[in-house]
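input-v7.pdb (PDB, C-alpha atoms)
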```
ATOM      1  CA  MET A   1      -1.962 -10.566 -27.119  1.00  0.00           C
ATOM      2  CA  ILE A   2       0.730 -13.217 -26.905  1.00  0.00           C
ATOM      3  CA  TYR A   3       3.508 -10.751 -26.007  1.00  0.00           C
ATOM      4  CA  ALA A   4       1.590  -9.478 -22.963  1.00  0.00           C
ATOM      5  CA  LEU A   5       0.953 -13.050 -21.819  1.00  0.00           C
ATOM      6  CA  ILE A   6       4.649 -13.905 -22.239  1.00  0.00           C
ATOM      7  CA  TYR A   7       5.535 -10.774 -20.240  1.00  0.00           C
ATOM      8  CA  ILE A   8       3.199 -11.639 -17.352  1.00  0.00           C
ATOM      9  CA  LEU A   9       4.253 -15.305 -17.229  1.00  0.00           C
ATOM     10  CA  ALA A  10       7.919 -14.281 -17.372  1.00  0.00           C
ATOM     11  CA  THR A  11       7.536 -11.954 -14.373  1.00  0.00           C
ATOM     12  CA  LEU A  12       5.800 -14.705 -12.398  1.00  0.00           C
ATOM     13  CA  SER A  13       8.450 -17.279 -13.298  1.00  0.00           C
ATOM     14  CA  ALA A  14      11.296 -14.859 -12.647  1.00  0.00           C
ATOM     15  CA  ASN A  15      10.063 -13.993  -9.176  1.00  0.00           C
ATOM     16  CA  TYR A  16       9.639 -17.671  -8.345  1.00  0.00           C
ATOM     17  CA  THR A  17      13.247 -18.421  -9.397  1.00  0.00           C
ATOM     18  CA  ALA A  18      14.848 -15.195  -8.098  1.00  0.00           C
ATOM     19  CA  THR A  19      16.814 -16.963  -5.362  1.00  0.00           C
ATOM     20  CA  TRP A  20      18.134 -19.821  -7.528  1.00  0.00           C
ATOM     21  CA  PHE A  21      21.699 -18.885  -8.535  1.00  0.00           C
ATOM     22  CA  ILE A  22      24.245 -20.100 -11.074  1.00  0.00           C
ATOM     23  CA  TYR A  23      27.868 -19.047 -10.534  1.00  0.00           C
ATOM     24  CA  PHE A  24      29.893 -17.890 -13.540  1.00  0.00           C
ATOM     25  CA  PRO A  25      33.651 -17.334 -13.183  1.00  0.00           C
ATOM     26  CA  VAL A  26      33.802 -14.037 -15.082  1.00  0.00           C
ATOM     27  CA  PHE A  27      30.288 -12.613 -14.824  1.00  0.00           C
ATOM     28  CA  GLY A  28      29.633 -13.305 -11.172  1.00  0.00           C
ATOM     29  CA  GLN A  29      26.477 -15.056 -10.166  1.00  0.00           C
ATOM     30  CA  VAL A  30      23.214 -14.926 -11.982  1.00  0.00           C
ATOM     31  CA  SER A  31      19.817 -16.098 -10.821  1.00  0.00           C
ATOM     32  CA  ILE A  32      17.717 -18.306 -13.045  1.00  0.00           C
ATOM     33  CA  ALA A  33      15.256 -15.408 -13.001  1.00  0.00           C
ATOM     34  CA  THR A  34      17.704 -13.289 -14.988  1.00  0.00           C
ATOM     35  CA  PHE A  35      17.392 -15.508 -18.046  1.00  0.00           C
ATOM     36  CA  ILE A  36      13.611 -15.378 -17.765  1.00  0.00           C
ATOM     37  CA  PHE A  37      13.273 -11.705 -16.867  1.00  0.00           C
ATOM     38  CA  GLY A  38      15.509 -10.606 -19.733  1.00  0.00           C
ATOM     39  CA  ILE A  39      12.601 -11.533 -21.993  1.00  0.00           C
ATOM     40  CA  THR A  40      10.280  -9.001 -20.344  1.00  0.00           C
ATOM     41  CA  PHE A  41      12.096  -5.890 -21.539  1.00  0.00           C
ATOM     42  CA  THR A  42      11.652  -6.690 -25.202  1.00  0.00           C
ATOM     43  CA  MET A  43       8.149  -8.132 -24.708  1.00  0.00           C
ATOM     44  CA  ARG A  44       7.234  -4.789 -23.119  1.00  0.00           C
ATOM     45  CA  ASP A  45       8.610  -3.055 -26.202  1.00  0.00           C
ATOM     46  CA  ARG A  46       6.606  -5.354 -28.487  1.00  0.00           C
ATOM     47  CA  VAL A  47       3.363  -4.624 -26.617  1.00  0.00           C
ATOM     48  CA  HIS A  48       4.158  -0.913 -26.809  1.00  0.00           C
ATOM     49  CA  HIS A  49       4.788  -1.190 -30.551  1.00  0.00           C
ATOM     50  CA  LYS A  50       1.605  -3.189 -31.265  1.00  0.00           C
ATOM     51  CA  LEU A  51      -0.873  -1.784 -28.717  1.00  0.00           C
ATOM     52  CA  GLY A  52       0.504   1.513 -27.413  1.00  0.00           C
ATOM     53  CA  ARG A  53       1.669   2.990 -24.132  1.00  0.00           C
ATOM     54  CA  ARG A  54      -1.659   2.759 -22.297  1.00  0.00           C
ATOM     55  CA  LYS A  55      -1.852  -1.022 -22.818  1.00  0.00           C
ATOM     56  CA  VAL A  56       1.725  -1.364 -21.557  1.00  0.00           C
ATOM     57  CA  TYR A  57       0.756   0.216 -18.253  1.00  0.00           C
ATOM     58  CA  ILE A  58      -2.272  -2.069 -17.985  1.00  0.00           C
ATOM     59  CA  MET A  59      -0.020  -5.073 -18.638  1.00  0.00           C
ATOM     60  CA  ILE A  60       2.470  -3.929 -15.970  1.00  0.00           C
ATOM     61  CA  ALA A  61      -0.373  -3.501 -13.456  1.00  0.00           C
ATOM     62  CA  VAL A  62      -1.766  -6.973 -14.238  1.00  0.00           C
ATOM     63  CA  ALA A  63       1.709  -8.486 -13.813  1.00  0.00           C
ATOM     64  CA  ALA A  64       2.191  -6.687 -10.482  1.00  0.00           C
ATOM     65  CA  LEU A  65      -1.193  -7.900  -9.208  1.00  0.00           C
ATOM     66  CA  ALA A  66      -0.536 -11.467 -10.387  1.00  0.00           C
ATOM     67  CA  ASN A  67       2.771 -11.448  -8.512  1.00  0.00           C
ATOM     68  CA  LEU A  68       1.036 -10.157  -5.397  1.00  0.00           C
ATOM     69  CA  VAL A  69      -1.458 -13.040  -5.575  1.00  0.00           C
ATOM     70  CA  ILE A  70       1.395 -15.545  -5.901  1.00  0.00           C
ATOM     71  CA  THR A  71       3.015 -14.054  -2.802  1.00  0.00           C
ATOM     72  CA  ILE A  72      -0.204 -14.181  -0.792  1.00  0.00           C
ATOM     73  CA  LEU A  73      -0.476 -17.847  -1.737  1.00  0.00           C
ATOM     74  CA  GLY A  74       2.990 -18.300  -0.228  1.00  0.00           C
ATOM     75  CA  ALA A  75       4.915 -19.255  -3.363  1.00  0.00           C
ATOM     76  CA  VAL A  76       7.360 -16.313  -3.261  1.00  0.00           C
ATOM     77  CA  MET A  77       8.990 -14.426  -0.364  1.00  0.00           C
ATOM     78  CA  TRP A  78       7.679 -10.935   0.387  1.00  0.00           C
ATOM     79  CA  ARG A  79      11.103  -9.291  -0.015  1.00  0.00           C
ATOM     80  CA  ILE A  80      11.312 -10.692  -3.555  1.00  0.00           C
ATOM     81  CA  ILE A  81       7.864  -9.378  -4.474  1.00  0.00           C
ATOM     82  CA  LEU A  82       8.517  -6.000  -2.870  1.00  0.00           C
ATOM     83  CA  ALA A  83      11.786  -5.723  -4.808  1.00  0.00           C
ATOM     84  CA  SER A  84      10.060  -6.901  -7.970  1.00  0.00           C
ATOM     85  CA  PHE A  85       7.096  -4.574  -7.572  1.00  0.00           C
ATOM     86  CA  ILE A  86       9.276  -1.488  -7.037  1.00  0.00           C
ATOM     87  CA  SER A  87      11.754  -2.347  -9.779  1.00  0.00           C
ATOM     88  CA  ILE A  88       9.034  -3.275 -12.294  1.00  0.00           C
ATOM     89  CA  ILE A  89       7.139  -0.049 -11.691  1.00  0.00           C
ATOM     90  CA  LEU A  90      10.223   2.173 -11.918  1.00  0.00           C
ATOM     91  CA  ALA A  91      12.302   0.339 -14.541  1.00  0.00           C
ATOM     92  CA  GLU A  92       9.368  -0.516 -16.805  1.00  0.00           C
ATOM     93  CA  THR A  93       8.072   3.047 -16.573  1.00  0.00           C
ATOM     94  CA  ALA A  94      11.523   4.309 -17.593  1.00  0.00           C
ATOM     95  CA  ASP A  95      11.595   1.749 -20.419  1.00  0.00           C
ATOM     96  CA  THR A  96       8.123   2.767 -21.599  1.00  0.00           C
ATOM     97  CA  GLU A  97       8.804   6.486 -21.571  1.00  0.00           C
ATOM     98  CA  ILE A  98      12.210   6.200 -23.263  1.00  0.00           C
ATOM     99  CA  TYR A  99      10.694   3.935 -25.929  1.00  0.00           C
ATOM    100  CA  GLN A 100       7.860   6.465 -26.416  1.00  0.00           C
ATOM    101  CA  LYS A 101      10.301   9.371 -26.693  1.00  0.00           C
ATOM    102  CA  ASN A 102      12.130   7.488 -29.464  1.00  0.00           C
ATOM    103  CA  ILE A 103       8.998   6.207 -31.223  1.00  0.00           C
ATOM    104  CA  SER A 104      10.028   7.687 -34.582  1.00  0.00           C
ATOM    105  CA  GLU A 105      13.305   5.754 -34.611  1.00  0.00           C
ATOM    106  CA  THR A 106      13.847   2.206 -35.857  1.00  0.00           C
ATOM    107  CA  TRP A 107      12.739  -0.778 -33.775  1.00  0.00           C
ATOM    108  CA  ALA A 108      16.352  -1.632 -32.927  1.00  0.00           C
ATOM    109  CA  MET A 109      17.158   1.895 -31.720  1.00  0.00           C
ATOM    110  CA  ARG A 110      13.993   2.126 -29.611  1.00  0.00           C
ATOM    111  CA  VAL A 111      14.785  -1.216 -27.961  1.00  0.00           C
ATOM    112  CA  LEU A 112      18.482  -0.404 -27.508  1.00  0.00           C
ATOM    113  CA  LYS A 113      17.834   3.009 -25.975  1.00  0.00           C
ATOM    114  CA  SER A 114      15.014   1.936 -23.663  1.00  0.00           C
ATOM    115  CA  ASN A 115      16.691  -1.290 -22.520  1.00  0.00           C
ATOM    116  CA  SER A 116      20.065   0.374 -21.957  1.00  0.00           C
ATOM    117  CA  VAL A 117      18.425   2.326 -19.135  1.00  0.00           C
ATOM    118  CA  SER A 118      15.798  -0.104 -17.848  1.00  0.00           C
ATOM    119  CA  ILE A 119      18.010  -3.201 -17.577  1.00  0.00           C
ATOM    120  CA  PRO A 120      20.640  -1.636 -15.271  1.00  0.00           C
ATOM    121  CA  LEU A 121      17.951   0.253 -13.342  1.00  0.00           C
ATOM    122  CA  ASP A 122      15.939  -2.926 -12.789  1.00  0.00           C
ATOM    123  CA  SER A 123      19.027  -4.918 -11.799  1.00  0.00           C
ATOM    124  CA  VAL A 124      20.272  -2.359  -9.271  1.00  0.00           C
ATOM    125  CA  LEU A 125      16.829  -1.748  -7.730  1.00  0.00           C
ATOM    126  CA  PHE A 126      15.713  -5.370  -7.521  1.00  0.00           C
ATOM    127  CA  ASN A 127      18.941  -6.797  -6.133  1.00  0.00           C
ATOM    128  CA  SER A 128      19.541  -3.964  -3.686  1.00  0.00           C
ATOM    129  CA  ILE A 129      16.052  -4.309  -2.216  1.00  0.00           C
ATOM    130  CA  ALA A 130      15.936  -8.115  -2.316  1.00  0.00           C
ATOM    131  CA  PHE A 131      19.458  -9.003  -1.219  1.00  0.00           C
ATOM    132  CA  LEU A 132      21.275  -6.183   0.634  1.00  0.00           C
ATOM    133  CA  GLY A 133      21.425  -7.319   4.237  1.00  0.00           C
ATOM    134  CA  VAL A 134      20.850 -10.926   3.165  1.00  0.00           C
ATOM    135  CA  PHE A 135      24.093 -11.386   1.183  1.00  0.00           C
ATOM    136  CA  PRO A 136      27.450  -9.597   1.588  1.00  0.00           C
ATOM    137  CA  PHE A 137      27.723  -6.337  -0.377  1.00  0.00           C
ATOM    138  CA  THR A 138      30.318  -7.751  -2.804  1.00  0.00           C
ATOM    139  CA  GLU A 139      28.035 -10.676  -3.576  1.00  0.00           C
ATOM    140  CA  VAL A 140      25.146  -8.312  -4.338  1.00  0.00           C
ATOM    141  CA  LEU A 141      27.445  -6.353  -6.683  1.00  0.00           C
ATOM    142  CA  SER A 142      28.383  -9.630  -8.384  1.00  0.00           C
ATOM    143  CA  ILE A 143      24.696 -10.466  -8.851  1.00  0.00           C
ATOM    144  CA  ILE A 144      23.943  -6.994 -10.260  1.00  0.00           C
ATOM    145  CA  PHE A 145      26.826  -7.182 -12.740  1.00  0.00           C
ATOM    146  CA  GLY A 146      25.893 -10.684 -13.882  1.00  0.00           C
ATOM    147  CA  GLU A 147      22.262  -9.714 -14.309  1.00  0.00           C
ATOM    148  CA  ILE A 148      23.014  -6.663 -16.411  1.00  0.00           C
ATOM    149  CA  VAL A 149      25.211  -8.723 -18.740  1.00  0.00           C
ATOM    150  CA  PHE A 150      22.806 -11.628 -19.137  1.00  0.00           C
ATOM    151  CA  LYS A 151      19.593  -9.575 -19.296  1.00  0.00           C
ATOM    152  CA  GLY A 152      21.236  -7.538 -22.038  1.00  0.00           C
ATOM    153  CA  ILE A 153      22.108 -10.698 -23.973  1.00  0.00           C
ATOM    154  CA  VAL A 154      18.618 -12.220 -23.615  1.00  0.00           C
ATOM    155  CA  SER A 155      16.955  -8.920 -24.452  1.00  0.00           C
ATOM    156  CA  GLY A 156      19.178  -8.512 -27.490  1.00  0.00           C
ATOM    157  CA  ILE A 157      18.275 -11.970 -28.751  1.00  0.00           C
ATOM    158  CA  MET A 158      14.573 -11.262 -28.264  1.00  0.00           C
ATOM    159  CA  ALA A 159      14.957  -7.919 -30.064  1.00  0.00           C
ATOM    160  CA  LEU A 160      16.146  -9.800 -33.141  1.00  0.00           C
ATOM    161  CA  ARG A 161      12.572 -11.043 -33.396  1.00  0.00           C
ATOM    162  CA  PRO A 162      13.167 -14.802 -33.546  1.00  0.00           C
ATOM    163  CA  ILE A 163       9.406 -15.428 -33.346  1.00  0.00           C
ATOM    164  CA  ASP A 164       8.775 -13.202 -36.384  1.00  0.00           C
ATOM    165  CA  PHE A 165      11.608 -14.927 -38.245  1.00  0.00           C
ATOM    166  CA  LEU A 166      10.068 -18.321 -37.570  1.00  0.00           C
ATOM    167  CA  LYS A 167       6.661 -17.060 -38.723  1.00  0.00           C
ATOM    168  CA  LYS A 168       8.188 -15.739 -41.958  1.00  0.00           C
ATOM    169  CA  GLU A 169      10.018 -19.032 -42.474  1.00  0.00           C
ATOM    170  CA  LYS A 170       6.753 -20.962 -42.024  1.00  0.00           C
ATOM    171  CA  TYR A 171       4.928 -18.565 -44.364  1.00  0.00           C
ATOM    172  CA  GLU A 172       7.611 -19.002 -47.032  1.00  0.00           C
ATOM    173  CA  LYS A 173       7.340 -22.806 -46.810  1.00  0.00           C
ATOM    174  CA  ILE A 174       3.556 -22.673 -47.201  1.00  0.00           C
ATOM    175  CA  ARG A 175       3.821 -20.199 -50.075  1.00  0.00           C
ATOM    176  CA  HIS A 176       6.319 -22.429 -51.912  1.00  0.00           C
ATOM    177  CA  GLN A 177       4.075 -25.457 -51.428  1.00  0.00           C
ATOM    178  CA  ILE A 178       1.139 -23.608 -53.028  1.00  0.00           C
ATOM    179  CA  HIS A 179       3.142 -22.448 -56.063  1.00  0.00           C
TER
END
```
Once more with this new file: its structure as structure tokens, please.
Amino acid sequence: MIYALIYILATLSANYTATWFIYFPVFGQVSIATFIFGITFTMRDRVHHKLGRRKVYIMIAVAALANLVITILGAVMWRIILASFISIILAETADTEIYQKNISETWAMRVLKSNSVSIPLDSVLFNSIAFLGVFPFTEVLSIIFGEIVFKGIVSGIMALRPIDFLKKEKYEKIRHQIH
């Protein structure tokens, strides 16, 4: 499924760019990975919606193993992968279980409730493990704050289902051409 592939590729890309930072005056600093990883939360929700909880856990395991392979090949530092592995397992499990608990609610409420826990959890876990002791404490707090803000924005945009909108738009054009 395309959403699982996007999820796995996003985790790989995010880990590769985790130490590339952009400084924002109000929001602190944000790694390039934040913009990429924000996609994963909603992609996880889409896989859960389409294929169920069991497939989500398989997807998370495949992503974790793919990231381990990338690290063994030397493309990403071990501290980044360790931080990623721990935060993916814990934050994505929280996301999955909260989404499952709210399965009878609307798509927007399931995504909002699950992401409102998993995004801050992921940001705190990943950045604490990856960067405490490497950067000053205040800088790590700045990174965490920036990540929560920007992951929330990216996740919110993805929750609006821009891909589905584009598909509907294309379908409408084709339908009008036929009639």
Report, as JSON, the centre and edge lengths in Å (one decimal) of the axis-aligned box enclosing every listed atom of segment 129-140 of chain A, padded by 8 Å on each side.
```
{"center_x": 23.1, "center_y": -7.8, "center_z": -0.1, "size_x": 30.4, "size_y": 23.1, "size_z": 24.6}
```
> Which residues match the PyMOL selection byres ((chain A and resi 146) around 7) in the file above, as a count of residues only?
Replying inline: 12
>> Give me, as a PyMOL selection string, all polymer residues having an atom no more than 10 Å from Lys50 of chain A, counting all atoms listed in the file and skipping those fewer than 5 positions away in the same chain.
In response: chain A and resi 1+3+45+55-56
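Minimum distance to Ile81 of chain A across A:Ala63, A:Met43, A:Leu141, A:Leu5 (counting only C-alpha atoms) occurs at A:Ala63.
Each of A:Ala91, A:Val124, A:Ile72, A:Ala64 was checked against Ile8 of chain A using only C-alpha atoms; the smallest atom-to-atom distance is that of A:Ala64.
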> What is the atom CA of Ala14 of chain A to atom CA of Ser31 of chain A distance in Å?
Replying inline: 8.8 Å
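Of the listed residues A:Phe41, A:Tyr7, A:Tyr99, A:Phe135, the one whose atoms come nearest to Ile58 of chain A is A:Tyr7, with distances taken using only C-alpha atoms.
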>> Using the chain letters and numbers from this file, what does the PyMOL selection byres ((chain A and resi 100) around 9) select? Give the answer as a list in words.
In response: His48, Gly52, Arg53, Asp95, Thr96, Glu97, Ile98, Tyr99, Lys101, Asn102, Ile103, Ser104, Arg110 and Ser114 of chain A
>> Quick one: residues within 9 Å of Thr19 of chain A, only C-alpha atoms, excluding same-chain residues fewer than 6 positions away - as number ranges by chain?
In response: A: 31-33, 80
>> Taking 4 positions as the minimum chain separation for residues in the same chain, which residues sit within 8 Å of Ile86 of chain A when counting all atoms listed in the file? Answer as a list of chain:residue names.
In response: A:Leu82, A:Leu90, A:Leu125, A:Phe126
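Nearest to Ser123 of chain A of all the residues A:Leu68, A:Glu105, A:Ile60, A:Phe37 is A:Phe37, based on only C-alpha atoms.
A straight line drawn from atom CA of Leu121 of chain A to atom CA of Met77 of chain A is 21.5 Å long.
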Fill-in result for segment 13-49 of chain A, N, CA and C atoms as a short mmCIF file (atom, residue, chain, number, x, y, z; two decimals), keeping the file's coordinate frame:
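Resulting contents of out.cif:
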```cif
data_model
loop_
_atom_site.label_atom_id
_atom_site.label_comp_id
_atom_site.auth_asym_id
_atom_site.auth_seq_id
_atom_site.Cartn_x
_atom_site.Cartn_y
_atom_site.Cartn_z
N SER A 13 7.39 -16.27 -13.34
CA SER A 13 8.45 -17.28 -13.30
C SER A 13 9.75 -16.71 -12.74
N ALA A 14 10.06 -15.49 -13.13
CA ALA A 14 11.30 -14.86 -12.65
C ALA A 14 11.26 -14.65 -11.14
N ASN A 15 10.15 -14.19 -10.63
CA ASN A 15 10.06 -13.99 -9.18
C ASN A 15 10.15 -15.32 -8.42
N TYR A 16 9.59 -16.35 -8.98
CA TYR A 16 9.64 -17.67 -8.35
C TYR A 16 11.07 -18.21 -8.30
N THR A 17 11.88 -17.90 -9.31
CA THR A 17 13.25 -18.42 -9.40
C THR A 17 14.32 -17.40 -9.01
N ALA A 18 13.93 -16.29 -8.40
CA ALA A 18 14.85 -15.20 -8.10
C ALA A 18 15.97 -15.57 -7.14
N THR A 19 15.78 -16.58 -6.33
CA THR A 19 16.81 -16.96 -5.36
C THR A 19 17.56 -18.23 -5.77
N TRP A 20 17.40 -18.67 -7.00
CA TRP A 20 18.13 -19.82 -7.53
C TRP A 20 19.30 -19.29 -8.36
N PHE A 21 20.53 -19.50 -7.90
CA PHE A 21 21.70 -18.89 -8.54
C PHE A 21 22.60 -19.88 -9.26
N ILE A 22 23.20 -19.39 -10.34
CA ILE A 22 24.24 -20.10 -11.07
C ILE A 22 25.48 -19.21 -10.96
N TYR A 23 26.63 -19.81 -10.66
CA TYR A 23 27.87 -19.05 -10.53
C TYR A 23 28.68 -19.14 -11.82
N PHE A 24 29.07 -17.97 -12.35
CA PHE A 24 29.89 -17.89 -13.54
C PHE A 24 31.23 -17.27 -13.16
N PRO A 25 32.34 -17.83 -13.60
CA PRO A 25 33.65 -17.33 -13.18
C PRO A 25 33.91 -15.87 -13.52
N VAL A 26 33.50 -15.40 -14.67
CA VAL A 26 33.80 -14.04 -15.08
C VAL A 26 32.67 -13.07 -14.75
N PHE A 27 31.43 -13.51 -14.95
CA PHE A 27 30.29 -12.61 -14.82
C PHE A 27 29.66 -12.59 -13.44
N GLY A 28 30.22 -13.27 -12.50
CA GLY A 28 29.63 -13.30 -11.17
C GLY A 28 28.51 -14.32 -11.13
N GLN A 29 27.59 -14.12 -10.26
CA GLN A 29 26.48 -15.06 -10.17
C GLN A 29 25.23 -14.46 -10.78
N VAL A 30 24.42 -15.35 -11.29
CA VAL A 30 23.21 -14.93 -11.98
C VAL A 30 22.09 -15.85 -11.53
N SER A 31 20.96 -15.26 -11.19
CA SER A 31 19.82 -16.10 -10.82
C SER A 31 19.15 -16.63 -12.09
N ILE A 32 18.48 -17.74 -11.93
CA ILE A 32 17.72 -18.31 -13.04
C ILE A 32 16.73 -17.25 -13.56
N ALA A 33 16.22 -16.46 -12.65
CA ALA A 33 15.26 -15.41 -13.00
C ALA A 33 15.80 -14.45 -14.05
N THR A 34 17.09 -14.22 -14.05
CA THR A 34 17.70 -13.29 -14.99
C THR A 34 17.46 -13.71 -16.43
N PHE A 35 17.60 -15.01 -16.69
CA PHE A 35 17.39 -15.51 -18.05
C PHE A 35 15.93 -15.35 -18.46
N ILE A 36 15.04 -15.51 -17.49
CA ILE A 36 13.61 -15.38 -17.76
C ILE A 36 13.23 -13.90 -17.88
N PHE A 37 13.70 -13.09 -16.92
CA PHE A 37 13.27 -11.70 -16.87
C PHE A 37 13.83 -10.89 -18.02
N GLY A 38 14.96 -11.31 -18.58
CA GLY A 38 15.51 -10.61 -19.73
C GLY A 38 14.52 -10.53 -20.88
N ILE A 39 13.63 -11.49 -20.95
CA ILE A 39 12.60 -11.53 -21.99
C ILE A 39 11.62 -10.38 -21.84
N THR A 40 11.34 -9.98 -20.59
CA THR A 40 10.28 -9.00 -20.34
C THR A 40 10.54 -7.64 -20.97
N PHE A 41 11.80 -7.23 -21.02
CA PHE A 41 12.10 -5.89 -21.54
C PHE A 41 11.68 -5.76 -23.00
N THR A 42 12.02 -6.76 -23.79
CA THR A 42 11.65 -6.69 -25.20
C THR A 42 10.18 -7.01 -25.42
N MET A 43 9.59 -7.88 -24.59
CA MET A 43 8.15 -8.13 -24.71
C MET A 43 7.38 -6.84 -24.41
N ARG A 44 7.86 -6.07 -23.44
CA ARG A 44 7.23 -4.79 -23.12
C ARG A 44 7.31 -3.88 -24.34
N ASP A 45 8.46 -3.88 -25.00
CA ASP A 45 8.61 -3.06 -26.20
C ASP A 45 7.68 -3.52 -27.32
N ARG A 46 7.50 -4.83 -27.44
CA ARG A 46 6.61 -5.35 -28.49
C ARG A 46 5.15 -4.95 -28.23
N VAL A 47 4.73 -5.04 -26.96
CA VAL A 47 3.36 -4.62 -26.62
C VAL A 47 3.20 -3.14 -26.91
N HIS A 48 4.21 -2.35 -26.56
CA HIS A 48 4.16 -0.91 -26.81
C HIS A 48 4.03 -0.66 -28.31
N HIS A 49 4.81 -1.36 -29.10
CA HIS A 49 4.79 -1.19 -30.55
C HIS A 49 3.43 -1.56 -31.15
#
```
